[in-house]
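This is my_file_29.csv. It holds CSV, C-alpha atoms.
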```
chain,number,residue,atom,x,y,z
T,1,MET,CA,0.0,0.0,0.0
T,2,ALA,CA,1.2,3.5,-0.8
T,3,THR,CA,2.3,5.8,2.0
T,4,TYR,CA,0.4,9.0,2.7
T,5,ASN,CA,3.3,11.1,1.2
T,6,GLU,CA,3.1,9.0,-2.0
T,7,ILE,CA,-0.7,9.4,-2.2
T,8,ILE,CA,-0.3,13.2,-1.9
T,9,GLU,CA,2.5,13.4,-4.5
T,10,ASN,CA,0.6,11.1,-6.9
T,11,GLY,CA,-2.6,13.3,-6.7
T,12,LEU,CA,-0.8,16.6,-7.1
T,13,TRP,CA,2.0,15.7,-9.5
T,14,LYS,CA,2.9,12.2,-10.6
T,15,GLN,CA,-0.7,11.0,-11.5
T,16,ASN,CA,-2.5,14.3,-11.7
T,17,PRO,CA,-5.8,13.7,-13.4
T,18,GLY,CA,-5.7,16.9,-15.4
T,19,VAL,CA,-2.2,17.0,-16.9
T,20,VAL,CA,-1.0,13.3,-16.6
T,21,GLN,CA,-4.0,11.0,-16.9
T,22,LEU,CA,-6.0,13.5,-19.0
T,23,LEU,CA,-9.3,12.4,-17.4
T,24,GLY,CA,-12.4,14.6,-17.1
T,25,LEU,CA,-11.5,16.8,-20.1
T,26,CYS,CA,-15.1,17.9,-20.6
T,27,PRO,CA,-15.4,20.0,-17.4
T,28,THR,CA,-11.7,20.9,-17.7
T,29,LEU,CA,-12.2,22.6,-21.1
T,30,ALA,CA,-15.8,23.9,-20.5
T,31,MET,CA,-15.7,25.4,-17.1
T,32,THR,CA,-12.3,27.1,-17.0
T,33,THR,CA,-13.2,30.4,-18.4
T,34,SER,CA,-12.3,31.9,-15.0
T,35,MET,CA,-10.4,30.8,-11.9
T,36,VAL,CA,-13.4,30.8,-9.7
T,37,ASN,CA,-15.5,28.6,-11.9
T,38,GLY,CA,-12.7,26.1,-12.5
T,39,PHE,CA,-11.6,25.8,-8.9
T,40,SER,CA,-15.3,25.6,-7.6
T,41,LEU,CA,-16.1,22.7,-9.9
T,42,GLY,CA,-12.8,21.0,-9.1
T,43,LEU,CA,-13.4,21.4,-5.3
T,44,ALA,CA,-16.9,19.9,-5.7
T,45,THR,CA,-15.3,16.9,-7.5
T,46,ALA,CA,-12.7,16.5,-4.8
T,47,VAL,CA,-15.3,16.3,-2.1
T,48,VAL,CA,-17.3,13.7,-4.1
T,49,MET,CA,-14.2,11.7,-4.7
T,50,CYS,CA,-13.1,11.8,-1.0
T,51,VAL,CA,-16.5,10.8,0.3
T,52,SER,CA,-17.1,8.1,-2.4
T,53,ASN,CA,-13.8,6.5,-1.7
T,54,ALA,CA,-14.4,6.6,2.0
T,55,SER,CA,-17.8,5.1,1.5
T,56,VAL,CA,-16.8,2.3,-0.8
T,57,SER,CA,-13.7,1.1,1.1
T,58,PRO,CA,-15.4,-0.2,4.3
T,59,VAL,CA,-17.9,-2.2,2.3
T,60,ARG,CA,-15.7,-3.4,-0.6
T,61,GLN,CA,-15.5,-7.0,0.7
T,62,TYR,CA,-19.3,-7.3,0.8
T,63,ILE,CA,-20.0,-6.2,-2.8
T,64,PRO,CA,-20.1,-9.0,-5.3
T,65,LYS,CA,-17.8,-8.5,-8.3
T,66,GLU,CA,-20.7,-9.0,-10.7
T,67,ILE,CA,-22.5,-5.9,-9.5
T,68,ARG,CA,-19.5,-3.9,-8.4
T,69,ASN,CA,-19.6,-1.1,-10.9
T,70,PRO,CA,-23.4,-0.4,-10.7
T,71,VAL,CA,-23.1,-0.2,-6.9
T,72,PHE,CA,-20.2,2.2,-7.1
T,73,ILE,CA,-22.1,4.4,-9.6
T,74,LEU,CA,-25.1,4.4,-7.3
T,75,ILE,CA,-23.0,5.5,-4.3
T,76,ILE,CA,-21.4,8.3,-6.4
T,77,ALA,CA,-24.8,9.4,-7.8
T,78,ALA,CA,-26.2,9.7,-4.3
T,79,LEU,CA,-23.2,11.8,-3.1
T,80,VAL,CA,-23.4,14.1,-6.2
T,81,THR,CA,-27.1,14.6,-5.6
T,82,ILE,CA,-26.4,15.8,-2.1
T,83,ILE,CA,-23.6,18.2,-3.4
T,84,ASP,CA,-25.9,19.4,-6.1
T,85,LEU,CA,-28.9,20.2,-3.8
T,86,SER,CA,-26.6,21.7,-1.2
T,87,MET,CA,-25.0,24.1,-3.7
T,88,ASN,CA,-28.4,25.0,-5.1
T,89,ALA,CA,-29.6,25.8,-1.6
T,90,PHE,CA,-26.6,27.7,-0.2
T,91,LEU,CA,-24.7,28.8,-3.3
T,92,HIS,CA,-27.4,29.3,-5.8
T,93,PRO,CA,-25.6,31.9,-8.1
T,94,LEU,CA,-22.6,29.6,-8.4
T,95,HIS,CA,-24.9,26.6,-8.9
T,96,ALA,CA,-26.6,28.5,-11.8
T,97,VAL,CA,-23.2,29.2,-13.4
T,98,LEU,CA,-21.8,25.6,-13.1
T,99,GLY,CA,-25.2,24.2,-14.3
T,100,ILE,CA,-25.2,20.7,-15.7
T,101,PHE,CA,-21.5,20.1,-14.9
T,102,ILE,CA,-22.3,19.4,-11.3
T,103,PRO,CA,-24.6,16.4,-12.0
T,104,LEU,CA,-22.2,15.3,-14.7
T,105,ILE,CA,-19.6,14.5,-11.9
T,106,VAL,CA,-21.5,11.2,-11.7
T,107,THR,CA,-20.2,10.3,-15.2
T,108,ASN,CA,-16.7,11.7,-14.6
T,109,CYS,CA,-14.3,8.8,-15.2
T,110,ILE,CA,-11.9,10.2,-12.6
T,111,VAL,CA,-14.3,9.4,-9.8
T,112,LEU,CA,-15.1,5.8,-10.8
T,113,ALA,CA,-11.5,5.2,-11.7
T,114,ARG,CA,-10.2,6.0,-8.2
T,115,VAL,CA,-13.0,4.0,-6.6
T,116,GLU,CA,-12.2,1.0,-8.7
T,117,SER,CA,-8.4,1.2,-8.7
T,118,PHE,CA,-7.8,2.4,-5.1
T,119,ALA,CA,-10.8,2.4,-2.7
T,120,ALA,CA,-11.8,-1.1,-3.7
T,121,LYS,CA,-8.4,-2.4,-2.6
T,122,ASN,CA,-7.3,-0.3,0.3
T,123,PRO,CA,-8.4,0.8,3.9
T,124,THR,CA,-10.7,3.7,4.5
T,125,LEU,CA,-8.4,6.5,5.5
T,126,PRO,CA,-5.8,6.1,2.7
T,127,SER,CA,-8.8,5.8,0.3
T,128,ALA,CA,-10.3,9.0,1.5
T,129,LEU,CA,-7.0,10.8,1.2
T,130,ASP,CA,-6.4,9.4,-2.3
T,131,GLY,CA,-9.8,10.6,-3.5
T,132,PHE,CA,-9.4,14.1,-2.1
T,133,MET,CA,-5.8,14.6,-3.3
T,134,MET,CA,-6.7,13.4,-6.8
T,135,GLY,CA,-9.7,15.7,-6.9
T,136,PHE,CA,-7.7,18.6,-5.4
T,137,GLY,CA,-4.9,18.0,-8.0
T,138,LEU,CA,-7.6,18.4,-10.7
T,139,ALA,CA,-9.0,21.5,-8.9
T,140,CYS,CA,-5.5,23.1,-9.0
T,141,VAL,CA,-5.2,22.4,-12.7
T,142,LEU,CA,-8.7,23.9,-13.3
T,143,ALA,CA,-7.8,27.0,-11.2
T,144,VAL,CA,-4.5,27.6,-13.0
T,145,LEU,CA,-6.0,27.0,-16.4
T,146,GLY,CA,-9.0,29.2,-15.6
T,147,GLY,CA,-6.7,31.9,-14.2
T,148,ILE,CA,-4.6,31.9,-17.4
T,149,ARG,CA,-7.6,32.1,-19.7
T,150,GLU,CA,-9.2,34.8,-17.5
T,151,ILE,CA,-6.1,37.0,-17.5
T,152,ILE,CA,-5.6,36.7,-21.3
T,153,GLY,CA,-9.2,36.8,-22.2
T,154,LYS,CA,-10.6,39.4,-19.8
T,155,GLY,CA,-7.5,41.0,-18.1
T,156,THR,CA,-8.9,40.2,-14.6
T,157,LEU,CA,-8.4,37.6,-11.9
T,158,LEU,CA,-11.0,36.2,-9.4
T,159,SER,CA,-13.9,37.6,-11.4
T,160,GLY,CA,-17.1,36.0,-10.2
T,161,ILE,CA,-15.8,35.6,-6.6
T,162,GLU,CA,-19.0,37.3,-5.4
T,163,LEU,CA,-20.9,34.2,-6.5
T,164,ILE,CA,-19.3,32.5,-3.5
T,165,ILE,CA,-18.8,35.4,-1.1
T,166,PRO,CA,-21.3,38.2,-1.9
T,167,GLN,CA,-19.2,40.8,0.0
T,168,ALA,CA,-16.1,40.1,-2.1
T,169,LYS,CA,-16.7,42.1,-5.2
T,170,THR,CA,-13.7,44.3,-4.4
T,171,TRP,CA,-11.4,41.2,-4.5
T,172,VAL,CA,-11.4,41.2,-8.3
T,173,ILE,CA,-7.9,42.0,-9.5
T,174,HIS,CA,-7.7,44.0,-12.7
T,175,VAL,CA,-4.4,42.6,-14.0
T,176,ILE,CA,-4.5,44.5,-17.3
T,177,PRO,CA,-6.3,47.8,-16.8
T,178,ASN,CA,-8.4,49.1,-19.8
T,179,TYR,CA,-8.1,45.7,-21.5
T,180,HIS,CA,-10.6,45.0,-24.3
T,181,GLY,CA,-10.2,41.3,-24.0
T,182,PHE,CA,-8.9,38.5,-26.3
T,183,LEU,CA,-11.9,36.4,-27.3
T,184,LEU,CA,-9.9,33.3,-28.3
T,185,ALA,CA,-8.7,32.7,-24.8
T,186,VAL,CA,-12.3,32.2,-23.4
T,187,LEU,CA,-13.5,30.1,-26.3
T,188,PRO,CA,-12.9,26.3,-26.5
T,189,PRO,CA,-9.8,26.6,-28.7
T,190,GLY,CA,-8.2,28.7,-25.9
T,191,ALA,CA,-8.9,25.9,-23.5
T,192,PHE,CA,-7.2,23.3,-25.7
T,193,ILE,CA,-4.2,25.6,-26.1
T,194,GLY,CA,-3.9,26.5,-22.4
T,195,LEU,CA,-4.2,22.8,-21.4
T,196,ALA,CA,-1.5,21.8,-23.9
T,197,CYS,CA,0.8,24.5,-22.4
T,198,LEU,CA,0.2,23.2,-18.9
T,199,ILE,CA,0.9,19.6,-20.0
T,200,ALA,CA,4.1,20.7,-21.8
T,201,THR,CA,5.3,22.7,-18.8
T,202,ARG,CA,4.7,19.7,-16.5
T,203,ASN,CA,6.5,17.3,-18.8
T,204,TRP,CA,9.4,19.8,-19.2
T,205,ALA,CA,9.7,20.1,-15.4
T,206,GLU,CA,9.6,16.3,-15.0
T,207,LEU,CA,12.3,15.8,-17.7
T,208,ARG,CA,14.5,18.5,-16.1
T,209,LYS,CA,14.2,16.9,-12.7
T,210,SER,CA,15.1,13.5,-14.0
T,211,LYS,CA,18.0,14.7,-16.1
T,212,PRO,CA,21.4,14.0,-14.3
T,213,THR,CA,23.3,17.1,-13.5
T,214,PRO,CA,27.0,17.1,-14.5
T,215,THR,CA,29.4,17.0,-11.6
T,216,MET,CA,32.7,19.0,-11.3
T,217,GLY,CA,35.8,17.2,-12.3
T,218,GLN,CA,34.2,14.4,-14.3
T,219,ASP,CA,36.7,12.2,-16.0
T,220,LYS,CA,37.0,12.4,-19.8
T,221,PRO,CA,35.8,9.5,-21.8
T,222,SER,CA,38.5,6.8,-22.1
T,223,GLY,CA,38.4,6.9,-25.9
T,224,SER,CA,39.1,10.6,-26.2
T,225,LEU,CA,42.2,11.6,-28.1
T,226,LYS,CA,45.0,13.6,-26.5
T,227,PRO,CA,46.3,16.5,-28.4
T,228,ALA,CA,49.6,15.8,-30.3
T,229,HIS,CA,52.7,17.6,-29.1
```
Please re-express this file's structure in structure tokens.
Amino acid sequence: MATYNEIIENGLWKQNPGVVQLLGLCPTLAMTTSMVNGFSLGLATAVVMCVSNASVSPVRQYIPKEIRNPVFILIIAALVTIIDLSMNAFLHPLHAVLGIFIPLIVTNCIVLARVESFAAKNPTLPSALDGFMMGFGLACVLAVLGGIREIIGKGTLLSGIELIIPQAKTWVIHVIPNYHGFLLAVLPPGAFIGLACLIATRNWAELRKSKPTPTMGQDKPSGSLKPAH
């Protein structure tokens, strides 16, 4: 079983659902027009993943293999319904913006994949941590991608924060004053380009980290020729 540090590292970096596994691309591309929208949907997904993993792990031995997937989906659907109704009751403006993408968490392959690959094989506490960290890793990707698209497309950051905190209208940061916007950034092609840049940046950082650094005073190759006198 993986250690807690490995679970955290896998969720945030090594197996990040957004830039490594490339799961859940529909909400990633559709709801990242701003940082607030992206992070809100990602956080809702993280909560669902955490609770669904914690719910499946204790009863995994009592679920027959033949009906395992339907039972998992039923548990996930019940949790998503609770999240959906709660957001509609307490965060109605945000719920109206996120719309259909909250119920669609049920069909998000990230949730079922972690329940199937981790929660069905591990104890409750590691399973809950794995679900939350995978979801939080996705939320971070959605927030970064949404922030990039929002800055380039609108010149602002944290626009829509009043949907969560009504008194926070003054928190909006105008990164580029008097900016007329760049429409491509907030359209679907901008989402593809932004996500590709994030994937490339992550891969570059991983290659740079794994590349051996030359040490001082390395011996020359044995086959090198000496200059003639």
Next item on the list: For T:Phe192, work out the shell of residues within 12 Å, counting all atoms listed in the file and skipping chain neighbours fewer than 2 positions away, then give it as a PyMOL selection string.
Entry: chain T and resi 19+22+25-26+28-30+32-33+145-146+149+184-190+194-199
Spatial neighbours of T:Ile173, 7 Å, only C-alpha atoms, chain gap at least 4 places, as an MDAnalysis selection string: chainID T and resid 156:158
Have a look at T:Arg60, T:Arg202, T:His92, T:Lys121 and name the one nearest to T:Asn16; count all atoms listed in the file.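 Going through T:Arg60, T:Arg202, T:His92, T:Lys121 one by one, the smallest distance to T:Asn16 is for T:Arg202.
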Given only C-alpha atoms as the basis, pick out the residue of T:Gly135, T:Gly153, T:Pro212, T:Gly181 nearest to T:Leu23.
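Residue with the minimum atom-to-atom distance to T:Leu23: T:Gly135.
When all atoms listed in the file are used to compute distances to T:Pro166, the closest of the residues T:Gly24, T:Gln15, T:Val80, T:Pro93 turns out to be T:Pro93.
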* To do: Just give me the residues with any atom within 9 Å of (-15.9, 1.2, 1.1), file coordinates, counting all atoms listed in the file, written as number ranges by chain.
  => T: 52-61, 115, 119-120, 122-124, 127
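Considering only C-alpha atoms, the residue among T:Val172, T:Ile100, T:Val47, T:Ile76 positioned nearest to T:Ala113 is T:Ile76.
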| query | Around (-22.5, 18.4, -6.1) in the file's frame, which residues reach within 12 Å when counting all atoms listed in the file? Return as a PyMOL selection string? | reply | chain T and resi 40-49+51+76-92+94-95+98-106
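Taking all atoms listed in the file into account, T:Phe39 lies nearest to T:Cys140 out of the set T:Cys140, T:Ile7, T:Val97, T:Met134.
Taking all atoms listed in the file into account, T:Ala2 lies nearest to T:Leu125 out of the set T:Ile67, T:Leu125, T:Ile193, T:Met35.
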Atom CA of T:Ile148 sits from atom CA of T:Leu183 at a separation of 13.1 Å
Students should find that atom CA of T:Lys65 and atom CA of T:Gly131 are spaced 21.3 Å
Between atom CA of T:Val141 and atom CA of T:Ile161 lies a distance of 18.0 Å
